[in-house]
file coords.txt (compact mmCIF, C-alpha atoms)
# COMPACT_ATOMS: atom_id res chain seq x y z
CA MET A 1 27.10 -24.78 -45.05
CA GLY A 2 25.89 -21.22 -44.61
CA LYS A 3 22.54 -22.38 -43.24
CA LYS A 4 24.24 -24.77 -40.88
CA GLY A 5 26.51 -22.00 -39.64
CA LYS A 6 23.52 -19.74 -38.97
CA LYS A 7 21.75 -22.52 -37.11
CA GLU A 8 24.80 -23.21 -34.98
CA LYS A 9 25.15 -19.48 -34.34
CA GLY A 10 21.51 -19.37 -33.23
CA ARG A 11 22.07 -22.25 -30.87
CA GLY A 12 25.10 -20.49 -29.44
CA ALA A 13 23.03 -17.36 -28.77
CA GLU A 14 20.31 -19.45 -27.12
CA LYS A 15 22.88 -21.16 -24.90
CA THR A 16 24.40 -17.79 -23.93
CA ALA A 17 20.94 -16.38 -23.13
CA ALA A 18 20.08 -19.48 -21.09
CA LYS A 19 23.35 -19.20 -19.14
CA MET A 20 22.73 -15.50 -18.50
CA GLU A 21 19.16 -16.23 -17.37
CA LYS A 22 20.40 -18.90 -14.99
CA LYS A 23 23.08 -16.55 -13.65
CA VAL A 24 20.57 -13.74 -13.07
CA SER A 25 18.13 -16.15 -11.42
CA LYS A 26 20.88 -17.47 -9.14
CA ARG A 27 21.92 -13.92 -8.21
CA SER A 28 18.31 -12.98 -7.55
CA ARG A 29 17.86 -15.96 -5.20
CA LYS A 30 21.13 -15.10 -3.47
CA GLU A 31 20.03 -11.49 -2.93
CA GLU A 32 16.68 -12.63 -1.54
CA GLU A 33 18.46 -15.01 0.82
CA ASP A 34 20.73 -12.16 1.94
CA LEU A 35 17.69 -9.99 2.68
CA GLU A 36 15.99 -12.84 4.55
CA ALA A 37 19.13 -13.23 6.68
CA LEU A 38 19.15 -9.49 7.42
CA ILE A 39 15.45 -9.58 8.34
CA ALA A 40 16.12 -12.58 10.61
CA HIS A 41 18.94 -10.64 12.29
CA PHE A 42 16.61 -7.74 13.06
CA GLN A 43 13.96 -10.15 14.35
CA THR A 44 16.55 -11.63 16.72
CA LEU A 45 17.10 -8.13 18.10
CA ASP A 46 13.32 -7.61 18.38
CA ALA A 47 12.99 -10.90 20.28
CA LYS A 48 14.84 -9.27 23.18
CA ARG A 49 11.71 -7.23 23.88
CA THR A 50 9.87 -9.09 26.60
CA GLN A 51 7.66 -6.39 28.08
CA ILE A 52 5.25 -3.74 26.88
CA VAL A 53 6.89 -0.35 27.37
CA GLU A 54 5.10 2.95 26.69
CA THR A 55 7.36 6.00 26.59
CA PRO A 56 6.26 9.63 26.01
CA CYS A 57 8.41 11.00 23.22
CA PRO A 58 8.87 13.83 20.70
CA PRO A 59 7.37 13.38 17.21
CA PRO A 60 8.80 10.35 15.33
CA SER A 61 11.80 10.82 13.07
CA PRO A 62 11.15 11.54 9.35
CA ARG A 63 9.89 8.58 7.31
CA LEU A 64 7.79 7.70 4.30
CA ASN A 65 5.49 4.85 3.28
CA ALA A 66 4.43 4.30 6.90
CA SER A 67 0.78 3.71 7.87
CA LEU A 68 -1.27 6.10 9.99
CA SER A 69 -4.56 4.71 11.30
CA VAL A 70 -7.40 6.06 13.43
CA HIS A 71 -8.08 4.22 16.70
CA PRO A 72 -11.68 2.87 16.58
CA GLU A 73 -12.54 3.97 20.13
CA LYS A 74 -10.11 6.73 21.14
CA ASP A 75 -9.00 10.10 19.80
CA GLU A 76 -5.69 8.58 18.74
CA LEU A 77 -3.70 7.91 15.59
CA ILE A 78 -1.51 4.81 15.28
CA LEU A 79 1.72 5.10 13.26
CA PHE A 80 3.51 1.92 12.18
CA GLY A 81 6.61 1.19 10.09
CA GLY A 82 8.04 3.21 7.23
CA GLU A 83 11.44 3.92 5.77
CA TYR A 84 13.99 6.74 5.62
CA PHE A 85 16.85 7.40 3.20
CA ASN A 86 19.53 9.77 4.51
CA GLY A 87 21.26 10.15 1.14
CA GLN A 88 23.55 7.17 1.66
CA LYS A 89 21.62 4.46 3.47
CA THR A 90 18.01 3.25 3.73
CA PHE A 91 16.56 2.56 7.18
CA LEU A 92 13.44 0.44 7.75
CA TYR A 93 11.22 0.66 10.84
CA ASN A 94 8.74 -1.50 12.72
CA GLU A 95 8.20 1.02 15.49
CA LEU A 96 4.72 1.74 16.80
CA TYR A 97 3.76 5.26 17.86
CA VAL A 98 0.45 6.57 19.19
CA TYR A 99 -0.56 10.20 18.78
CA ASN A 100 -3.14 11.62 21.20
CA ILE A 101 -5.07 14.20 19.18
CA ARG A 102 -6.54 16.13 22.11
CA LYS A 103 -3.30 16.31 24.07
CA ASP A 104 -1.09 16.80 20.98
CA ALA A 105 1.28 14.20 22.45
CA TRP A 106 3.22 11.22 21.07
CA THR A 107 3.93 7.92 22.85
CA LYS A 108 6.30 5.19 21.62
CA VAL A 109 4.87 1.74 22.34
CA ASP A 110 7.31 -1.20 22.40
CA ILE A 111 5.49 -4.53 22.17
CA PRO A 112 7.12 -7.99 22.19
CA SER A 113 7.26 -10.03 18.93
CA PRO A 114 6.33 -7.27 16.45
CA PRO A 115 6.16 -7.70 12.66
CA PRO A 116 9.51 -7.37 10.84
CA ARG A 117 10.60 -3.91 9.67
CA ARG A 118 8.69 -2.75 6.57
CA SER A 119 7.27 0.05 4.48
CA ALA A 120 4.62 0.38 1.74
CA HIS A 121 2.33 -2.01 3.64
CA GLN A 122 -1.37 -1.50 4.32
CA ALA A 123 -2.98 -1.09 7.74
CA VAL A 124 -6.70 -1.26 8.53
CA VAL A 125 -8.41 -0.73 11.89
CA VAL A 126 -11.58 -2.60 12.90
CA PRO A 127 -13.60 -2.33 16.14
CA GLN A 128 -13.74 -6.08 16.93
CA GLY A 129 -12.37 -7.26 20.27
CA GLY A 130 -11.71 -3.80 21.67
CA GLY A 131 -10.07 -2.70 18.43
CA GLN A 132 -7.64 -4.40 16.07
CA LEU A 133 -4.98 -3.03 13.72
CA TRP A 134 -4.47 -5.33 10.72
CA VAL A 135 -1.21 -5.01 8.74
CA PHE A 136 -0.54 -6.84 5.48
CA GLY A 137 2.44 -7.05 3.13
CA GLY A 138 4.87 -4.29 2.32
CA GLU A 139 8.56 -4.47 1.62
CA PHE A 140 12.00 -4.59 3.20
CA VAL A 141 14.66 -2.60 1.34
CA SER A 142 18.37 -3.34 1.51
CA PRO A 143 20.53 -0.61 3.07
CA ASN A 144 21.81 0.40 -0.39
CA GLY A 145 18.20 0.73 -1.62
CA GLU A 146 18.71 -1.63 -4.57
CA GLN A 147 17.14 -4.90 -3.36
CA PHE A 148 13.59 -5.55 -2.22
CA TYR A 149 11.92 -8.28 -0.22
CA HIS A 150 8.11 -8.33 -0.40
CA TYR A 151 6.19 -9.64 2.59
CA LYS A 152 3.12 -11.87 2.35
CA ASP A 153 2.35 -11.99 6.05
CA LEU A 154 -0.74 -10.62 7.78
CA TRP A 155 -0.48 -9.33 11.35
CA VAL A 156 -3.04 -8.16 13.86
CA LEU A 157 -2.34 -5.88 16.79
CA HIS A 158 -4.95 -6.38 19.51
CA LEU A 159 -5.26 -2.82 20.78
CA ALA A 160 -6.91 -3.73 24.09
CA THR A 161 -4.15 -6.14 25.18
CA LYS A 162 -1.30 -4.63 23.09
CA THR A 163 -0.27 -7.98 21.62
CA TRP A 164 0.77 -8.90 18.06
CA GLU A 165 -0.46 -12.05 16.28
CA GLN A 166 0.65 -13.36 12.87
CA VAL A 167 -1.55 -14.88 10.13
CA LYS A 168 -0.48 -16.07 6.66
CA GLY A 169 -1.57 -14.13 3.59
CA PRO A 170 -1.60 -14.36 -0.23
CA SER A 171 1.45 -13.64 -2.43
CA GLY A 172 3.96 -11.03 -1.30
CA ARG A 173 3.43 -7.47 -2.54
CA SER A 174 3.79 -3.73 -1.92
CA GLY A 175 1.72 -0.74 -3.00
CA HIS A 176 -1.51 -2.73 -2.64
CA ARG A 177 -4.70 -1.42 -1.04
CA MET A 178 -6.84 -2.93 1.72
CA VAL A 179 -10.12 -1.83 3.33
CA ALA A 180 -12.45 -3.15 6.01
CA TRP A 181 -15.79 -4.25 4.58
CA LYS A 182 -18.36 -5.58 7.08
CA ARG A 183 -16.51 -8.42 8.86
CA GLN A 184 -13.91 -8.85 6.15
CA LEU A 185 -10.72 -7.26 4.86
CA ILE A 186 -10.74 -6.74 1.08
CA LEU A 187 -7.32 -6.62 -0.62
CA PHE A 188 -6.62 -5.36 -4.15
CA GLY A 189 -3.62 -5.01 -6.47
CA GLY A 190 -0.04 -4.01 -5.69
CA PHE A 191 3.25 -5.16 -7.20
CA HIS A 192 6.18 -7.50 -6.62
CA GLU A 193 9.66 -6.60 -7.84
CA SER A 194 12.97 -8.44 -7.80
CA THR A 195 16.35 -7.86 -9.41
CA ARG A 196 15.20 -10.03 -12.27
CA ASP A 197 11.64 -8.93 -12.99
CA TYR A 198 8.45 -7.33 -11.68
CA ILE A 199 4.72 -7.98 -11.78
CA TYR A 200 1.67 -5.80 -11.07
CA TYR A 201 -1.54 -7.30 -9.70
CA ASN A 202 -5.26 -6.69 -10.11
CA ASP A 203 -6.41 -9.67 -8.04
CA VAL A 204 -8.89 -9.39 -5.18
CA TYR A 205 -8.77 -11.31 -1.88
CA ALA A 206 -11.09 -11.37 1.13
CA PHE A 207 -10.01 -12.16 4.68
CA ASN A 208 -12.74 -13.27 7.07
CA LEU A 209 -12.28 -11.63 10.48
CA ASP A 210 -14.32 -14.34 12.21
CA THR A 211 -12.65 -17.46 10.77
CA PHE A 212 -9.19 -15.93 10.05
CA THR A 213 -9.28 -17.42 6.53
CA TRP A 214 -8.43 -16.00 3.08
CA SER A 215 -10.43 -16.51 -0.11
CA LYS A 216 -9.67 -15.28 -3.62
CA LEU A 217 -12.58 -13.43 -5.23
CA SER A 218 -13.38 -13.72 -8.94
CA PRO A 219 -15.63 -10.76 -9.70
CA SER A 220 -17.57 -10.67 -12.94
CA GLY A 221 -17.50 -7.65 -15.24
CA THR A 222 -14.52 -5.66 -16.47
CA GLY A 223 -12.33 -4.52 -13.61
CA PRO A 224 -9.18 -2.41 -13.25
CA THR A 225 -5.99 -3.39 -15.03
CA PRO A 226 -3.06 -4.36 -12.77
CA ARG A 227 -1.78 -1.40 -10.69
CA SER A 228 -0.41 -0.16 -7.39
CA GLY A 229 -0.74 3.09 -5.45
CA CYS A 230 -4.45 3.55 -6.20
CA GLN A 231 -7.37 4.78 -4.10
CA MET A 232 -9.55 2.17 -2.41
CA SER A 233 -12.45 3.22 -0.19
CA VAL A 234 -15.84 1.96 0.94
CA THR A 235 -18.95 3.89 -0.13
CA PRO A 236 -21.96 4.58 2.14
CA GLN A 237 -23.93 2.19 -0.08
CA GLY A 238 -21.56 -0.70 0.72
CA GLY A 239 -19.56 -0.75 -2.49
CA ILE A 240 -15.78 -0.39 -2.86
CA ILE A 241 -14.24 2.29 -5.08
CA VAL A 242 -10.87 1.84 -6.83
CA TYR A 243 -9.41 4.89 -8.55
CA GLY A 244 -6.15 5.76 -10.31
CA GLY A 245 -2.77 4.25 -9.53
CA TYR A 246 0.38 3.34 -11.45
CA SER A 247 1.80 0.39 -13.37
CA LYS A 248 4.62 -0.27 -15.80
CA GLN A 249 5.41 -2.80 -18.46
CA ARG A 250 8.51 -3.77 -20.42
CA VAL A 251 8.40 -2.45 -23.99
CA LYS A 252 11.86 -3.76 -24.96
CA LYS A 253 15.00 -5.07 -23.30
CA ASP A 254 15.80 -2.99 -20.22
CA VAL A 255 13.19 -0.36 -21.18
CA ASP A 256 9.96 0.03 -19.18
CA LYS A 257 6.97 2.24 -19.88
CA GLY A 258 4.94 3.58 -16.96
CA THR A 259 1.20 4.22 -17.01
CA ARG A 260 -0.63 6.67 -14.75
CA HIS A 261 -4.20 5.49 -14.36
CA SER A 262 -7.14 7.87 -13.97
CA ASP A 263 -10.04 5.43 -14.34
CA MET A 264 -12.50 4.49 -11.58
CA PHE A 265 -14.27 1.21 -10.78
CA LEU A 266 -16.90 0.04 -8.32
CA LEU A 267 -16.66 -3.42 -6.72
CA LYS A 268 -19.81 -4.65 -5.01
CA PRO A 269 -21.62 -7.88 -4.08
CA GLU A 270 -23.83 -9.13 -6.87
CA ASP A 271 -27.51 -9.37 -5.93
CA GLY A 272 -26.57 -8.84 -2.27
CA ARG A 273 -24.56 -12.07 -2.11
CA GLU A 274 -21.24 -11.85 -0.27
CA ASP A 275 -19.79 -14.82 -2.20
CA LYS A 276 -20.36 -13.24 -5.62
CA TRP A 277 -18.92 -9.88 -6.67
CA VAL A 278 -19.06 -7.68 -9.76
CA TRP A 279 -16.92 -4.89 -11.19
CA THR A 280 -18.52 -1.81 -12.80
CA ARG A 281 -16.65 1.02 -14.51
CA MET A 282 -17.59 4.44 -13.11
CA ASN A 283 -17.71 7.78 -14.91
CA PRO A 284 -17.93 10.42 -12.17
CA SER A 285 -18.75 14.04 -12.94
CA GLY A 286 -17.16 17.17 -11.48
CA VAL A 287 -13.55 18.36 -11.25
CA ARG A 288 -11.36 15.27 -11.38
CA PRO A 289 -7.79 15.04 -10.11
CA THR A 290 -5.10 14.91 -12.78
CA PRO A 291 -3.55 11.43 -13.30
CA ARG A 292 -1.28 10.45 -10.41
CA SER A 293 -0.42 7.73 -7.91
CA GLY A 294 0.79 7.49 -4.32
CA PHE A 295 -1.75 9.96 -2.97
CA SER A 296 -3.17 9.76 0.54
CA VAL A 297 -6.82 8.91 1.16
CA ALA A 298 -9.03 9.44 4.20
CA MET A 299 -12.73 9.17 4.93
CA ALA A 300 -14.51 12.29 6.19
CA PRO A 301 -17.25 12.01 8.85
CA ASN A 302 -19.92 12.46 6.15
CA HIS A 303 -18.55 9.46 4.18
CA GLN A 304 -16.92 11.57 1.52
CA THR A 305 -13.45 10.48 0.46
CA LEU A 306 -10.60 12.98 0.83
CA PHE A 307 -7.78 12.72 -1.64
CA PHE A 308 -4.49 14.61 -1.14
CA GLY A 309 -1.21 14.99 -3.04
CA GLY A 310 0.49 12.24 -5.01
CA VAL A 311 3.08 12.12 -7.77
CA CYS A 312 3.05 12.11 -11.57
CA ASP A 313 6.15 10.49 -13.08
CA GLU A 314 7.39 11.54 -16.52
CA GLU A 315 9.55 8.76 -17.90
CA GLU A 316 12.04 8.76 -20.74
CA GLU A 317 14.18 5.79 -21.75
CA GLU A 318 17.12 6.97 -19.65
CA SER A 319 15.52 9.26 -17.08
CA LEU A 320 12.68 9.63 -14.62
CA ALA A 321 11.27 12.93 -13.36
CA GLY A 322 8.40 13.25 -10.89
CA GLU A 323 5.97 16.11 -10.26
CA PHE A 324 4.59 16.12 -6.71
CA PHE A 325 1.23 17.59 -5.77
CA ASN A 326 -0.24 19.23 -2.68
CA ASP A 327 -3.76 19.77 -3.98
CA LEU A 328 -6.91 18.45 -2.34
CA TYR A 329 -9.96 16.73 -3.83
CA PHE A 330 -12.86 14.79 -2.46
CA TYR A 331 -15.22 12.28 -3.98
CA ASP A 332 -18.91 12.11 -3.11
CA ALA A 333 -20.00 8.51 -3.78
CA THR A 334 -23.67 9.35 -3.21
CA ARG A 335 -23.59 11.76 -6.14
CA ASN A 336 -20.72 10.05 -8.01
CA ARG A 337 -19.01 13.43 -8.28
CA TRP A 338 -15.53 14.89 -7.71
CA PHE A 339 -14.98 18.26 -6.05
CA GLU A 340 -11.81 20.28 -5.78
CA GLY A 341 -11.12 21.21 -2.16
CA GLN A 342 -9.77 24.43 -0.72
CA LEU A 343 -8.46 25.19 2.76
CA LYS A 344 -10.17 28.17 4.35
CA ALA A 345 -8.37 30.47 6.74
CA VAL A 346 -10.06 30.26 10.15
CA THR A 347 -9.43 31.73 13.57
CA ASN A 348 -9.46 28.43 15.49
CA PRO A 349 -6.42 26.11 15.30
CA VAL A 350 -8.23 23.33 13.44
CA PRO A 351 -8.54 24.00 9.68
CA THR A 352 -11.81 23.19 7.97
CA LEU A 353 -12.35 22.14 4.40
CA SER A 354 -14.69 23.70 1.91
CA ALA A 355 -15.47 22.80 -1.65
CA LEU A 356 -15.80 24.98 -4.66
CA PRO A 357 -19.35 26.37 -5.10
CA GLY A 358 -22.04 23.75 -4.91
CA ASP A 359 -20.89 21.66 -1.95
CA SER A 360 -20.87 21.84 1.80
CA GLY A 361 -17.78 22.13 3.96
CA LEU A 362 -16.05 19.20 5.64
CA GLY A 363 -14.68 18.87 9.15
CA GLU A 364 -11.18 17.79 10.10
CA SER A 365 -9.87 14.42 8.96
CA CYS A 366 -6.85 12.23 9.43
CA PRO A 367 -4.35 11.52 6.67
CA GLY A 368 -4.21 8.02 5.23
CA HIS A 369 -1.38 5.83 4.08
CA HIS A 370 0.05 6.41 0.61
CA TRP A 371 2.59 4.77 -1.66
call {"tool": "encode", "arguments": {"input": "coords.txt", "output": "structure tokens"}}
result
Amino acid sequence: MGKKGKKEKGRGAEKTAAKMEKKVSKRSRKEEEDLEALIAHFQTLDAKRTQIVETPCPPPSPRLNASLSVHPEKDELILFGGEYFNGQKTFLYNELYVYNIRKDAWTKVDIPSPPPRRSAHQAVVVPQGGGQLWVFGGEFVSPNGEQFYHYKDLWVLHLATKTWEQVKGPSGRSGHRMVAWKRQLILFGGFHESTRDYIYYNDVYAFNLDTFTWSKLSPSGTGPTPRSGCQMSVTPQGGIIVYGGYSKQRVKKDVDKGTRHSDMFLLKPEDGREDKWVWTRMNPSGVRPTPRSGFSVAMAPNHQTLFFGGVCDEEEEESLAGEFFNDLYFYDATRNRWFEGQLKAVTNPVPTLSALPGDSGLGESCPGHHW
């Protein structure tokens, strides 16, 4: 009888767990539907824009996880999206601003049928067709900051005509990285989180800028483990560097363990073939950054990669504390070497960068997107 009682008790626990799982899944779907309805409401408001309107304006309001991209033909920076939390409510943006570097002036550009409000997306500029700004993925956060909707759409802003166009993409995600490589966009990693669960990615996709088609790459070799918030940049030799980032995994019920990555990998075509890729683990020399994620990345005119800031999270079972950085590093792919950067005091208004002994100085650069 005792054994039977234990078996029945086990079945009861299984039934309770199954009911709870079903309840959580139902709530998760309901929350996603609520977010989709809110996104649709905002899109209805955006649909009222019927004309392109350019308005000189003061600097944009504070925001984070926006994208800031360099115009391929003009001395301009293009700011899109982002979010802001005022201590009580989270606000999402799909505004487009253009900053004229020479004039030190901002312009707000309202364009009909823009992408939905988002943050933590990726934006890449290419010179085709008079210049194009490609935006993929990102997330919409509920006003209370507790629910997330991850986008899987790809958008292109034709800079010459100031028109938006939508293209479908792979699975929804945030914190991913995307770079322009020849006539393709290469996408790596990111994460997707819901009330119920989360997943980190280490998959690689290519988007052909001529055919507007996606393909999933299956590189050989040992590549990065799943992560978000990493560095991704193209080397002068035509390879793609992935460095650092963050991921977490569940170690027991309701307890997650975060990992700060500090490894580096090179992704490149195998034997010069664009349909076959290979991962190689890199071991750069020099002064490496400490482990972190969410740093900003920009390419200097001499093809060196600038690396600024970031955060290092220290996690306990019941608490999370983050250390933020404002240090500067750059990576020389030609020499496979890290250098610690220092800002030099100069008399002109534009700061210049110099390395520690053994490297040449760098000119001004533009900050990149971080998450």
call {"tool": "closest_residue", "arguments": {"input": "coords.txt", "among": "A:Phe212, A:Tyr246, A:Trp134, A:Trp277", "to": "A:Pro226", "atoms": "all atoms listed in the file"}}
result
A:Tyr246
call {"tool": "closest_residue", "arguments": {"input": "coords.txt", "among": "A:Val234, A:Met282, A:Ala345, A:Met178", "to": "A:Thr222", "atoms": "all atoms listed in the file"}}
result
A:Met282
call {"tool": "closest_atom_pairs", "arguments": {"input": "coords.txt", "of": "stretch 129-200 of chain A", "to": "stretch 117-124 of chain A", "cutoff": "12 Å", "atoms": "all atoms listed in the file", "output": "Markdown table"}}
result
| residue | atom | partner | partner_atom | distance |
| --- | --- | --- | --- | --- |
| A:Gly131 | CA | A:Val124 | CA | 10.6 |
| A:Gln132 | CA | A:Val124 | CA | 8.2 |
| A:Leu133 | CA | A:Val124 | CA | 5.7 |
| A:Trp134 | CA | A:Val124 | CA | 5.1 |
| A:Val135 | CA | A:Ala123 | CA | 4.4 |
| A:Phe136 | CA | A:Gln122 | CA | 5.5 |
| A:Gly137 | CA | A:His121 | CA | 5.1 |
| A:Gly138 | CA | A:His121 | CA | 3.7 |
| A:Glu139 | CA | A:Arg118 | CA | 5.2 |
| A:Phe140 | CA | A:Arg118 | CA | 5.1 |
| A:Val141 | CA | A:Arg118 | CA | 7.9 |
| A:Ser142 | CA | A:Arg118 | CA | 10.9 |
| A:Phe148 | CA | A:Arg118 | CA | 10.4 |
| A:Tyr149 | CA | A:Arg118 | CA | 9.3 |
| A:His150 | CA | A:Arg118 | CA | 8.9 |
| A:Tyr151 | CA | A:Arg118 | CA | 8.3 |
| A:Lys152 | CA | A:His121 | CA | 10.0 |
| A:Asp153 | CA | A:His121 | CA | 10.3 |
| A:Leu154 | CA | A:Gln122 | CA | 9.8 |
| A:Trp155 | CA | A:Ala123 | CA | 9.3 |
| A:Val156 | CA | A:Ala123 | CA | 9.4 |
| A:Leu157 | CA | A:Ala123 | CA | 10.3 |
| A:Gly172 | CA | A:His121 | CA | 10.4 |
| A:Arg173 | CA | A:His121 | CA | 8.3 |
| A:Ser174 | CA | A:Ala120 | CA | 5.6 |
| A:Gly175 | CA | A:Ala120 | CA | 5.7 |
| A:His176 | CA | A:Gln122 | CA | 7.1 |
| A:Arg177 | CA | A:Gln122 | CA | 6.3 |
| A:Met178 | CA | A:Gln122 | CA | 6.2 |
| A:Val179 | CA | A:Val124 | CA | 6.2 |
| A:Ala180 | CA | A:Val124 | CA | 6.6 |
| A:Trp181 | CA | A:Val124 | CA | 10.4 |
| A:Gln184 | CA | A:Val124 | CA | 10.7 |
| A:Leu185 | CA | A:Val124 | CA | 8.1 |
| A:Ile186 | CA | A:Val124 | CA | 10.1 |
| A:Leu187 | CA | A:Gln122 | CA | 9.3 |
| A:Phe188 | CA | A:Gln122 | CA | 10.7 |
| A:Gly189 | CA | A:Gln122 | CA | 11.6 |
| A:Gly190 | CA | A:Ala120 | CA | 9.8 |
| A:Phe191 | CA | A:Ala120 | CA | 10.6 |
| A:His192 | CA | A:Ala120 | CA | 11.6 |
call {"tool": "closest_residue", "arguments": {"input": "coords.txt", "among": "A:Ala160, A:Val287, A:Met299, A:Ile240", "to": "A:Lys74", "atoms": "only C-alpha atoms"}}
result
A:Ala160
call {"tool": "residues_around", "arguments": {"input": "coords.txt", "residues": "stretch 90-105 of chain A", "least_positions_apart": "3", "cutoff": "6 Å", "atoms": "all atoms listed in the file", "output": "list of chain:residue names"}}
result
A:Asp75, A:Glu76, A:Leu77, A:Ile78, A:Leu79, A:Phe80, A:Gly81, A:Gly82, A:Glu83, A:Tyr84, A:Phe85, A:Lys108, A:Val109, A:Arg117, A:Arg118, A:Pro143, A:Gly145
call {"tool": "residues_around", "arguments": {"input": "coords.txt", "residues": "A:Phe307", "least_positions_apart": "4", "cutoff": "9 Å", "atoms": "only C-alpha atoms", "output": "short mmCIF file (atom, residue, chain, number, x, y, z; two decimals) with C-alpha atoms, in the frame of the given file"}}
result
data_model
loop_
_atom_site.label_atom_id
_atom_site.label_comp_id
_atom_site.auth_asym_id
_atom_site.auth_seq_id
_atom_site.Cartn_x
_atom_site.Cartn_y
_atom_site.Cartn_z
CA GLN A 231 -7.37 4.78 -4.10
CA PRO A 289 -7.79 15.04 -10.11
CA PHE A 295 -1.75 9.96 -2.97
CA SER A 296 -3.17 9.76 0.54
CA VAL A 297 -6.82 8.91 1.16
CA ALA A 298 -9.03 9.44 4.20
CA MET A 299 -12.73 9.17 4.93
CA ASP A 327 -3.76 19.77 -3.98
CA LEU A 328 -6.91 18.45 -2.34
CA TYR A 329 -9.96 16.73 -3.83
CA PHE A 330 -12.86 14.79 -2.46
CA TYR A 331 -15.22 12.28 -3.98
#
call {"tool": "decode", "arguments": {"input": "coords.txt", "residues": "stretch 69-74 of chain A", "atoms": "all heavy atoms", "output": "tab-separated table (two decimals), in the first residue's frame"}}
result
chain	number	residue	atom	x	y	z
A	69	SER	N	24.47	55.38	-36.24
A	69	SER	CA	25.18	54.89	-37.42
A	69	SER	C	25.75	56.04	-38.24
A	69	SER	O	25.16	57.13	-38.29
A	69	SER	CB	24.21	54.07	-38.31
A	69	SER	OG	23.54	53.09	-37.54
A	70	VAL	N	26.85	55.78	-38.91
A	70	VAL	CA	27.51	56.79	-39.74
A	70	VAL	C	26.93	56.75	-41.15
A	70	VAL	O	26.86	55.70	-41.79
A	70	VAL	CB	29.03	56.52	-39.81
A	70	VAL	CG1	29.72	57.60	-40.65
A	70	VAL	CG2	29.63	56.49	-38.41
A	71	HIS	N	26.50	57.91	-41.66
A	71	HIS	CA	26.00	58.00	-43.03
A	71	HIS	C	27.14	57.64	-43.99
A	71	HIS	O	28.27	58.08	-43.80
A	71	HIS	CB	25.50	59.41	-43.32
A	71	HIS	CG	24.66	59.53	-44.55
A	71	HIS	ND1	25.18	59.37	-45.82
A	71	HIS	CD2	23.33	59.79	-44.71
A	71	HIS	CE1	24.21	59.53	-46.70
A	71	HIS	NE2	23.08	59.78	-46.06
A	72	PRO	N	26.86	56.82	-45.02
A	72	PRO	CA	27.95	56.37	-45.91
A	72	PRO	C	28.51	57.46	-46.82
A	72	PRO	O	29.61	57.31	-47.35
A	72	PRO	CB	27.28	55.26	-46.74
A	72	PRO	CG	25.83	55.63	-46.75
A	72	PRO	CD	25.57	56.24	-45.41
A	73	GLU	N	27.78	58.55	-47.00
A	73	GLU	CA	28.24	59.58	-47.95
A	73	GLU	C	28.36	60.98	-47.35
A	73	GLU	O	28.99	61.86	-47.94
A	73	GLU	CB	27.28	59.64	-49.16
A	73	GLU	CG	27.23	58.35	-49.96
A	73	GLU	CD	26.24	58.43	-51.11
A	73	GLU	OE1	25.49	59.42	-51.17
A	73	GLU	OE2	26.22	57.50	-51.94
A	74	LYS	N	27.75	61.20	-46.19
A	74	LYS	CA	27.74	62.54	-45.59
A	74	LYS	C	28.37	62.51	-44.21
A	74	LYS	O	28.50	61.46	-43.58
A	74	LYS	CB	26.30	63.06	-45.50
A	74	LYS	CG	25.56	63.13	-46.83
A	74	LYS	CD	24.13	63.59	-46.61
A	74	LYS	CE	23.34	63.63	-47.92
A	74	LYS	NZ	21.93	64.05	-47.70
